[in-house]
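Written below as structure tokens is the structure these notes are about.
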Amino acid sequence: MIEPTTIDIPISGMDCAECTQHVRHAIAGLPGVRAVEVYLASERATVQIDPSQVTLDAIRTAVAGAGYAVPENTSTAAAAPEAAERGFVRRIGMILAAVVGFVLFVIVGGEWLGLFDRLTERVPLPIGIALVLAAGFTAFRNVWRATLRRQIIAHHLMTLGVIAALIVGQWATALVVVFLMHVGDFVERFTTERARRAVKDLAALAPDTARVVRAGVELMVPADQVQPGETIIVRPGEQIPVDGEVLDGRATIDQSAITGESMPVDAGPGSLVYAATIAQLGHLRIRASRVGREATFGKVVRLVEEAEARRGRVQTLADRFSGIYLPIVALIAALTFIISRNPLATAAVLVVACSCSFALATPIAMLASIGAAARRGLLIKGGQYIETLARAEVLLIDKTGTLTLGKPRISDIVLIDGVCDRDCLLRYAASAERYSEHPLAQAVREAALRHGLSLAEPDDFESLPGQGVRATVDGRRVMVGNRAFVGDAGWPALSHNGATTLFVAIDGRPSGVLAASDTLRSEVPEALAALKEMGITRIELLTGDNAQTAGALAEQLGIACRANLLPEDKIRIVSEYQASGHKVVMIGDGVNDAPALAQADVGVAMAVAGSAVAVEAAHVSLMREDWLLVPELFRIARRTMRVVKLNLAFTTVYNIVGVSLAAFGLLPPILAAAAQSIPDLGILGNSARLLRQK
């Protein structure tokens, strides 16, 4: 059996959210296509195929049949960014003003002065029809192709309005509909392009080349051809082309491309650095660990690209309504004709209702918001999570590495029953923790190094998440972890003012306790205060640490807490809140948080450069470790949903009023044609505000 292959191909010609559905249906209909996702923001499609059944040429032909194109060069390299649009909202305003001016011209010149009547009297109807067909050829062709595929698109209703106007001899009205159809398409393309610019600007930051050392010689090679483990040379002012560890040298690194933070950081031997960042001062020798789309920067671009494929409940409902909107309008038009026997009123109903505003109301707002959030250091994986964030009222938070810096330090050592002295206890504990990745293990190892102790090689090492480690050190069985893990019996009452306690047992005997203290992130109190003001009614700390440590921190922050939790306990707590009808947001950073992040309605990973497992499991990733981004995330979500609701309310009321006036004969076809573009422009202009989030 041939394994399926995933290919990434560019698609040109997509201008709206509806276009992605046309392309997806065209590709999905090919034999051998297992799965397909089409992304408007990055103008790409990811297709999983059986290479024995379908080829790239077949996909190219199918896409062309849908009215779009696959460029001959299908390289995954991103296109260079276009010049940034300036004064975007001002341009939308200018377009809206021009359309309003045109509408006024239609009202005054066409209706009051009768200019259009005089024009239509002098131009034979066949010539008028020819003008309409020529002006709207592209739109009519797309409608015909969609009809053959049994799909309904926004231009179906507009075309129906044009046909109705031509039937009653109103070719000038039909021409106005076609003109405003093009205006709407132009504004939608303009808005969509501005919204997708965040992805293009991100992709364009990816370095093209790398200076790699091969056989002792420095060579310039394409960045995506670097192999993990190779040594990279970065000179002052150059981009770092890969994720990796600094082997030699020191430099000041501008990490704004990854974190959104303008302040540079210092890097030296042992530091981790990321692709697309810039070595402003100094030079570096780097061992590559992740390259291309597997690097942190590639992951950032991929997450933004894929965000639009995840659609929220409001967006899904709006899409479904758009699918039944045409038959509803057709029914209203039929009833109008049956009751009034007025063909002009019937045509006016079809013309005024042919706006595609319902289809635009949600996706344009979501796309604009996701793009704007990405520029602010927030990677939101889809519109459905924006919608959920706007309604969430429960926030659950991991402690180590999330609320705190995750770099604890051993502050006290307590010996028990003289089993061994301080250095002996610390050496045994650090040796047992030698291969553990937990931050507390790192603190134990650092304490041993500070005391000049050499570590032994542990045997039979075993790590149990949320509990501790056990290993054989110099022939003795050593356990380091929480009290329940090492055994409850034989331990004295201890108090360490909120510090985390690690219990050490040697050969099954209580031998000592290590107290480790962590540091709270400085911006956390301000961020939590902002969240409480926003109405987040329940904020709770979930941690595997002991109750004393967790309680001291929770009391300091004024939040609830639950301690001594295993990863499965966090999942259970999330599920309990969900079962009681709450929308739950979970924030974490480590591997042990990944299950709870995936279970939550919205999982938020602290820093995209952190645990890859947590980032993949989460629905939102913070590109820098700044807690002030958390209330910003909720603000963006709530503002986006206000815009979406305003869009839907405006277009609903507008269409009800317009159709009603037309049905009663109060809105002539020519005015209906002029009026139908207003809701589209209103929605696009309203959604464009999200691109300028403050």
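We label chains A, B, ... in the order they appear in the structure tokens, count residues from 1 in each chain, and number ligands from 1 in the order shown.
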Selection near Gln442 (chain A), 10 Å with only C-alpha atoms, sequence-local residues under 2 positions removed, as a ChimeraX atom specification: /A:407-410,430,433-440,444-448
File dump, residues just selected, N, CA and C atoms, as a PDB file, in the first residue's frame:
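Heads up, here's the output in again_5.pdb:
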ATOM      1  N   LYS A 407      12.218  29.005  36.811  1.00  0.00           N
ATOM      2  CA  LYS A 407      13.633  28.781  37.092  1.00  0.00           C
ATOM      3  C   LYS A 407      13.857  28.813  38.605  1.00  0.00           C
ATOM      4  N   PRO A 408      13.381  27.789  39.284  1.00  0.00           N
ATOM      5  CA  PRO A 408      13.517  27.775  40.742  1.00  0.00           C
ATOM      6  C   PRO A 408      14.975  27.586  41.161  1.00  0.00           C
ATOM      7  N   ARG A 409      15.228  27.937  42.408  1.00  0.00           N
ATOM      8  CA  ARG A 409      16.578  27.840  42.972  1.00  0.00           C
ATOM      9  C   ARG A 409      16.462  27.163  44.340  1.00  0.00           C
ATOM     10  N   ILE A 410      17.363  26.221  44.639  1.00  0.00           N
ATOM     11  CA  ILE A 410      17.349  25.544  45.937  1.00  0.00           C
ATOM     12  C   ILE A 410      17.765  26.559  47.006  1.00  0.00           C
ATOM     13  N   ALA A 430      20.934  15.185  42.887  1.00  0.00           N
ATOM     14  CA  ALA A 430      21.262  15.745  41.575  1.00  0.00           C
ATOM     15  C   ALA A 430      21.605  14.647  40.573  1.00  0.00           C
ATOM     16  N   GLU A 433      18.454  13.119  39.388  1.00  0.00           N
ATOM     17  CA  GLU A 433      17.732  14.060  38.523  1.00  0.00           C
ATOM     18  C   GLU A 433      18.523  14.412  37.268  1.00  0.00           C
ATOM     19  N   ARG A 434      19.639  13.742  37.028  1.00  0.00           N
ATOM     20  CA  ARG A 434      20.571  14.152  35.974  1.00  0.00           C
ATOM     21  C   ARG A 434      19.906  14.253  34.604  1.00  0.00           C
ATOM     22  N   TYR A 435      18.992  13.362  34.281  1.00  0.00           N
ATOM     23  CA  TYR A 435      18.390  13.354  32.948  1.00  0.00           C
ATOM     24  C   TYR A 435      16.918  13.781  32.964  1.00  0.00           C
ATOM     25  N   SER A 436      16.484  14.357  34.048  1.00  0.00           N
ATOM     26  CA  SER A 436      15.119  14.876  34.111  1.00  0.00           C
ATOM     27  C   SER A 436      15.069  16.264  33.486  1.00  0.00           C
ATOM     28  N   GLU A 437      13.953  16.569  32.782  1.00  0.00           N
ATOM     29  CA  GLU A 437      13.797  17.874  32.142  1.00  0.00           C
ATOM     30  C   GLU A 437      12.974  18.839  32.983  1.00  0.00           C
ATOM     31  N   HIS A 438      12.543  18.429  34.158  1.00  0.00           N
ATOM     32  CA  HIS A 438      11.716  19.288  35.004  1.00  0.00           C
ATOM     33  C   HIS A 438      12.549  20.464  35.524  1.00  0.00           C
ATOM     34  N   PRO A 439      11.946  21.669  35.614  1.00  0.00           N
ATOM     35  CA  PRO A 439      12.694  22.831  36.126  1.00  0.00           C
ATOM     36  C   PRO A 439      13.269  22.609  37.523  1.00  0.00           C
ATOM     37  N   LEU A 440      12.564  21.865  38.382  1.00  0.00           N
ATOM     38  CA  LEU A 440      13.097  21.607  39.717  1.00  0.00           C
ATOM     39  C   LEU A 440      14.345  20.731  39.651  1.00  0.00           C
ATOM     40  N   VAL A 444      18.113  21.531  41.164  1.00  0.00           N
ATOM     41  CA  VAL A 444      18.919  20.621  41.998  1.00  0.00           C
ATOM     42  C   VAL A 444      20.308  20.455  41.396  1.00  0.00           C
ATOM     43  N   ARG A 445      20.388  20.266  40.088  1.00  0.00           N
ATOM     44  CA  ARG A 445      21.699  20.111  39.435  1.00  0.00           C
ATOM     45  C   ARG A 445      22.547  21.375  39.583  1.00  0.00           C
ATOM     46  N   GLU A 446      21.896  22.543  39.419  1.00  0.00           N
ATOM     47  CA  GLU A 446      22.640  23.793  39.559  1.00  0.00           C
ATOM     48  C   GLU A 446      23.154  23.969  40.988  1.00  0.00           C
ATOM     49  N   ALA A 447      22.348  23.565  41.980  1.00  0.00           N
ATOM     50  CA  ALA A 447      22.800  23.661  43.373  1.00  0.00           C
ATOM     51  C   ALA A 447      24.016  22.773  43.609  1.00  0.00           C
ATOM     52  N   ALA A 448      24.009  21.571  43.028  1.00  0.00           N
ATOM     53  CA  ALA A 448      25.158  20.674  43.174  1.00  0.00           C
ATOM     54  C   ALA A 448      26.409  21.272  42.545  1.00  0.00           C
TER      55      ALA A 448
END
Nearby residues (only C-alpha atoms) at most 6 Å from region 682-691 of chain A, same-chain spacing under 3 positions excluded, as a VMD selection string: chain A and resid 365 368 to 369 372 647 679
Please save N, CA and C atoms of the selected residues as a PDB file, in the first residue's frame.
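The resulting file, again33.pdb, is shown below:
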ATOM      1  N   ALA A 365     -14.145  39.581   9.111  1.00  0.00           N
ATOM      2  CA  ALA A 365     -13.801  40.057  10.449  1.00  0.00           C
ATOM      3  C   ALA A 365     -12.810  39.117  11.124  1.00  0.00           C
ATOM      4  N   ALA A 368      -9.324  39.425   9.456  1.00  0.00           N
ATOM      5  CA  ALA A 368      -8.674  40.681   9.844  1.00  0.00           C
ATOM      6  C   ALA A 368      -8.154  40.601  11.268  1.00  0.00           C
ATOM      7  N   SER A 369      -8.944  40.016  12.170  1.00  0.00           N
ATOM      8  CA  SER A 369      -8.550  39.956  13.574  1.00  0.00           C
ATOM      9  C   SER A 369      -7.378  39.014  13.795  1.00  0.00           C
ATOM     10  N   ALA A 372      -4.254  40.789  12.573  1.00  0.00           N
ATOM     11  CA  ALA A 372      -3.835  41.854  13.486  1.00  0.00           C
ATOM     12  C   ALA A 372      -3.256  41.271  14.769  1.00  0.00           C
ATOM     13  N   ASN A 647     -22.057  43.463  12.233  1.00  0.00           N
ATOM     14  CA  ASN A 647     -22.173  43.139  10.802  1.00  0.00           C
ATOM     15  C   ASN A 647     -23.466  42.387  10.503  1.00  0.00           C
ATOM     16  N   PRO A 679     -24.745  47.486   2.097  1.00  0.00           N
ATOM     17  CA  PRO A 679     -24.381  46.606   3.218  1.00  0.00           C
ATOM     18  C   PRO A 679     -23.016  45.942   3.050  1.00  0.00           C
TER      19      PRO A 679
END
Selected residue of minimal separation from Val178 (chain A) among A:Glu457, A:Asp417, A:Ala674, A:Gly229, counting only C-alpha atoms: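 With only C-alpha atoms as the atom set, the closest residue is A:Ala674.
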Residues within 9 Å of Ala663 (chain A), only C-alpha atoms, excluding chain neighbours under 4 positions, as number ranges by chain: A: 332-333, 335-337, 340, 345-346, 348-349, 658-659, 667
Kindly export the residues of the current selection with N, CA and C atoms, as a CSV table (one decimal), in the first residue's frame.
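Ended up saving to result-v7.csv:
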chain,number,residue,atom,x,y,z
A,332,ILE,N,-39.9,35.1,-1.9
A,332,ILE,CA,-40.5,36.4,-1.6
A,332,ILE,C,-40.8,37.1,-2.9
A,333,ALA,N,-39.9,37.0,-3.9
A,333,ALA,CA,-40.1,37.6,-5.2
A,333,ALA,C,-41.3,37.0,-5.9
A,335,LEU,N,-43.9,35.5,-4.4
A,335,LEU,CA,-45.1,36.0,-3.7
A,335,LEU,C,-45.4,37.5,-4.1
A,336,THR,N,-44.4,38.3,-4.3
A,336,THR,CA,-44.6,39.7,-4.7
A,336,THR,C,-45.3,39.7,-6.0
A,337,PHE,N,-44.9,38.9,-7.0
A,337,PHE,CA,-45.5,38.9,-8.3
A,337,PHE,C,-46.9,38.3,-8.3
A,340,SER,N,-49.0,41.2,-6.3
A,340,SER,CA,-49.1,42.5,-6.9
A,340,SER,C,-49.2,42.5,-8.4
A,345,ALA,N,-41.8,45.5,-9.3
A,345,ALA,CA,-41.6,45.3,-7.9
A,345,ALA,C,-40.9,43.9,-7.7
A,346,THR,N,-41.3,43.0,-8.5
A,346,THR,CA,-40.6,41.6,-8.4
A,346,THR,C,-39.1,41.7,-8.7
A,348,ALA,N,-37.3,44.4,-8.5
A,348,ALA,CA,-36.7,45.2,-7.4
A,348,ALA,C,-36.3,44.3,-6.2
A,349,VAL,N,-37.2,43.4,-5.8
A,349,VAL,CA,-36.9,42.5,-4.7
A,349,VAL,C,-35.7,41.7,-5.0
A,658,GLY,N,-35.0,46.8,2.9
A,658,GLY,CA,-34.9,46.9,1.4
A,658,GLY,C,-35.9,46.0,0.7
A,659,VAL,N,-36.0,44.7,1.1
A,659,VAL,CA,-36.9,43.8,0.5
A,659,VAL,C,-38.3,44.2,0.7
A,667,LEU,N,-39.6,50.9,-3.9
A,667,LEU,CA,-38.2,51.0,-4.3
A,667,LEU,C,-38.1,50.6,-5.7
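Picture a line from CA of Leu180 (chain A) to CA of Asn655 (chain A); it runs 16.4 Å.
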Point-to-point distance from CA of Glu37 (chain A) to CA of Gln21 (chain A), Å rounded to tenths: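 The value is 9.2 Å.
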Shortest interatomic distance to Arg34 (chain A) - which of A:Thr651, A:Ser522, A:Thr6, A:Ser12, counting only C-alpha atoms: A:Thr6
Shortest interatomic distance to Ala637 (chain A) - which of A:Asp50, A:Glu387, A:Glu230, A:Asp208, counting only C-alpha atoms: A:Glu387
From A:Lys399, A:Arg391, A:Arg509, A:Arg450, residue lying nearest Arg635 (chain A) [only C-alpha atoms]: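 Nearest to Arg635 (chain A): A:Arg391.
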Selection near region 464-473 of chain A, 10 Å with only C-alpha atoms, sequence-local residues under 3 positions removed, as a count of residues only: 47
A:Val217, A:Leu378, A:Leu157, A:Ile232 ranked by distance to Leu629 (chain A), top pick (using only C-alpha atoms):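 Going through A:Val217, A:Leu378, A:Leu157, A:Ile232 one by one, the smallest distance to Leu629 (chain A) is for A:Leu378.
The interatomic distance for the pair CA of Leu166 (chain A) and CA of Pro343 (chain A) works out to 11.1 Å.
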